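Inspection log for the structure reproduced underneath, given as structure tokens.
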Amino acid sequence: MSFIHQKKRRKRLRKIAIALFALYVMIGSALYFFQEKLMFLPSTLAQDYKYQFDYPFEELFLKIEDEATINALHFKAENPKGVILYFHGNAGDLSRWGKITEFFVEKRYDVLVMDYRTYGKSIGKLSEDAIYKDAQYCYDYLLERYSENEITLYGRSLGTGIASYLASKNNAKRLILETPYYSILDIAKHRFPMFPVKQLLKYRFPTFQYLPKVKCPITIIHGTEDNVVPFSSGKKLSELESDIDFFTVKGGGHNNLIEFEDYHKAIDNVLK
């Protein structure tokens, strides 16, 4: 190969390297600046939207601070066995999650489920600390109406880190986690292994730090075919403490566990 050809080749490789580096920086910057849009997928509702469900409920507007109001639904069962404080996943709003939580009302549990800030009718600046603050507010709301040993904390997907945090700070009856993550950092590393996600992340939700501090019984339910939060993430959480009950839903994905008999057996076992 002639000197001229070698020089052209080096120049071409240098351009490719610069282009790849620029792409890497661009994607990394997008992960940092747009991570809320990747993590949180809210849909909004008009403030006068009328919910319609099959069970009696009360709609709540909980004033957390001057510029933050949380919209929540408080379902009422007949002769309830207790109350479930439910923290939902990262997409949708209460028009959807209200229908999902009716599953527990049918099992004779009252249910309180809130929309996170920017979701549905809830307003306020979103942050990890704000979510924890709003969750505790909802817990305190229930404490004015129920004994603490009647409160079950239930987290699904995104909500598992929130429910775990709350369980570590209070003395609920039990904690149930559906498709939980070890931490958001753990999931980010799994999805973006080539980026320094530890330095990029604004949200942590370190579930693994909270569970060892939880005093109540803990149940984890996870599907083997979960392509959002790997089954291994929930399994790793279950190994933090020897007395954590772990239920495997064979063939279950991330959003369809209710379609599997293994899930129903797990719920019936825990909420018997």
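Identifiers in this document derive from the order of the structure tokens: chains are assigned A, B, ..., residues are numbered from 1 separately in each chain, and ligands are numbered from 1 in order of occurrence.
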
When you look at Ser95 in chain A with a cut-off of 9 Å (counting only C-alpha atoms), what residues show up, excluding the ones that are within fewer than 4 positions of it in the same chain? I need them as number ranges by chain. A: 45, 51-53, 99, 120

DSSP strand (DSSP E) residues within range 20-248 of chain A, listed as a ChimeraX atom specification: /A:41-42,57-65,68-75,83-87,91-92,110-114,151-156,174-178,218-223,245-248

Save the residues we just selected, C-alpha atoms, as a CSV table (one decimal), in the first residue's frame?
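So the final result, stored in result.csv, reads:
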chain,number,residue,atom,x,y,z
A,41,LEU,CA,-44.5,7.9,30.8
A,42,PRO,CA,-47.5,9.8,32.2
A,57,PHE,CA,-64.6,5.0,45.6
A,58,GLU,CA,-63.7,8.4,46.8
A,59,GLU,CA,-61.6,10.7,44.7
A,60,LEU,CA,-59.1,12.7,46.7
A,61,PHE,CA,-57.0,15.8,46.0
A,62,LEU,CA,-54.2,15.8,48.6
A,63,LYS,CA,-52.5,19.2,48.9
A,64,ILE,CA,-48.8,18.3,49.6
A,65,GLU,CA,-47.4,21.8,49.2
A,68,ALA,CA,-48.2,20.2,44.4
A,69,THR,CA,-51.5,18.4,44.6
A,70,ILE,CA,-51.8,14.6,44.4
A,71,ASN,CA,-54.9,13.0,42.9
A,72,ALA,CA,-55.8,9.7,44.5
A,73,LEU,CA,-58.5,7.1,44.6
A,74,HIS,CA,-59.7,5.5,47.8
A,75,PHE,CA,-61.7,2.3,47.0
A,83,VAL,CA,-56.3,-1.6,53.1
A,84,ILE,CA,-53.7,-1.8,50.4
A,85,LEU,CA,-51.6,1.3,49.6
A,86,TYR,CA,-50.8,0.7,45.9
A,87,PHE,CA,-47.9,2.3,43.9
A,91,ALA,CA,-47.0,4.6,32.4
A,92,GLY,CA,-50.6,5.8,32.3
A,110,ASP,CA,-59.9,-1.2,50.5
A,111,VAL,CA,-57.3,0.3,48.2
A,112,LEU,CA,-55.6,3.7,48.1
A,113,VAL,CA,-53.8,4.5,44.8
A,114,MET,CA,-52.2,7.8,43.9
A,151,ILE,CA,-52.0,-1.5,55.9
A,152,THR,CA,-50.4,-3.6,53.2
A,153,LEU,CA,-47.9,-1.8,50.9
A,154,TYR,CA,-48.0,-3.0,47.2
A,155,GLY,CA,-45.6,-1.8,44.6
A,156,ARG,CA,-45.6,-2.7,40.9
A,174,ARG,CA,-46.7,-6.5,54.9
A,175,LEU,CA,-44.9,-5.5,51.7
A,176,ILE,CA,-45.7,-7.0,48.3
A,177,LEU,CA,-43.5,-6.3,45.3
A,178,GLU,CA,-44.6,-7.2,41.7
A,218,ILE,CA,-41.9,-9.2,52.3
A,219,THR,CA,-43.3,-11.0,49.2
A,220,ILE,CA,-41.7,-10.7,45.7
A,221,ILE,CA,-43.6,-11.9,42.6
A,222,HIS,CA,-41.7,-12.0,39.3
A,223,GLY,CA,-42.2,-13.5,35.8
A,245,ASP,CA,-41.0,-15.0,50.1
A,246,PHE,CA,-40.2,-15.3,46.4
A,247,PHE,CA,-42.9,-16.5,43.9
A,248,THR,CA,-41.9,-17.4,40.4

Please report the interatomic distance between CA of Arg117 in chain A and CA of Leu166 in chain A in Å with one decimal.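 CA of Leu166 in chain A lies 17.3 Å from CA of Arg117 in chain A.
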
Between CA of Arg108 in chain A and CA of Asn149 in chain A, what is the spacing in Å?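 Taking CA of Asn149 in chain A as the start and CA of Arg108 in chain A as the end point, the length is 16.2 Å.
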
Could you tell me which of A:Gln47, A:Pro56, A:Lys107, A:Tyr181 comes closest to His264 in chain A if we count only C-alpha atoms? A:Lys107

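Considering only C-alpha atoms, the residue among A:Asp129, A:Asp262, A:Glu144, A:Asp268 positioned nearest to Lys202 in chain A is A:Asp129.
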
If you count only C-alpha atoms, the residue of A:Asp93, A:Asp226, A:Glu78, A:Glu259 closest to Tyr49 in chain A turns out to be A:Asp93

Quick one: pull the distance between CA of Pro230 in chain A and CA of Tyr119 in chain A, Å, one decimal. 25.5 Å

Pick from A:Asp243, A:Asp54, A:Asp48, A:Glu261 nearest to Thr101 in chain A, counting only C-alpha atoms: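 For Thr101 in chain A, the nearest of the candidates is A:Asp54.
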
When DSSP works through the backbone of this structure, what residues of range 45-236 of chain A end up as alpha helix (DSSP H), shown as an MDAnalysis selection string? chainID A and resid 94:105 128:143 158:169 184:191 197:200 207:210 231:236

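For Gly252 in chain A, the set of protein, DNA and RNA residues having any atom at most 6 Å away, when counting only C-alpha atoms and skipping those fewer than 3 positions along the same chain, is A:Gly223, A:Thr224, A:Glu225, A:Val249, A:Leu257.
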
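The smallest atom-to-atom distance between Phe104 in chain A and any of A:Lys213, A:Lys272, A:Lys133, A:Lys173, using only C-alpha atoms, is found for A:Lys272.
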
Which polymer residues have any atom within 8 Å of an atom of Tyr203 in chain A, counting only C-alpha atoms, with same-chain residues fewer than 6 positions away left out, as a ChimeraX atom specification? /A:127-128,184

Smallest atom-to-atom distance to Ile244 in chain A: which of A:Ala46, A:Val229, A:Cys216, A:Leu142, using only C-alpha atoms?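 Counting only C-alpha atoms, the residue closest to Ile244 in chain A is A:Cys216.
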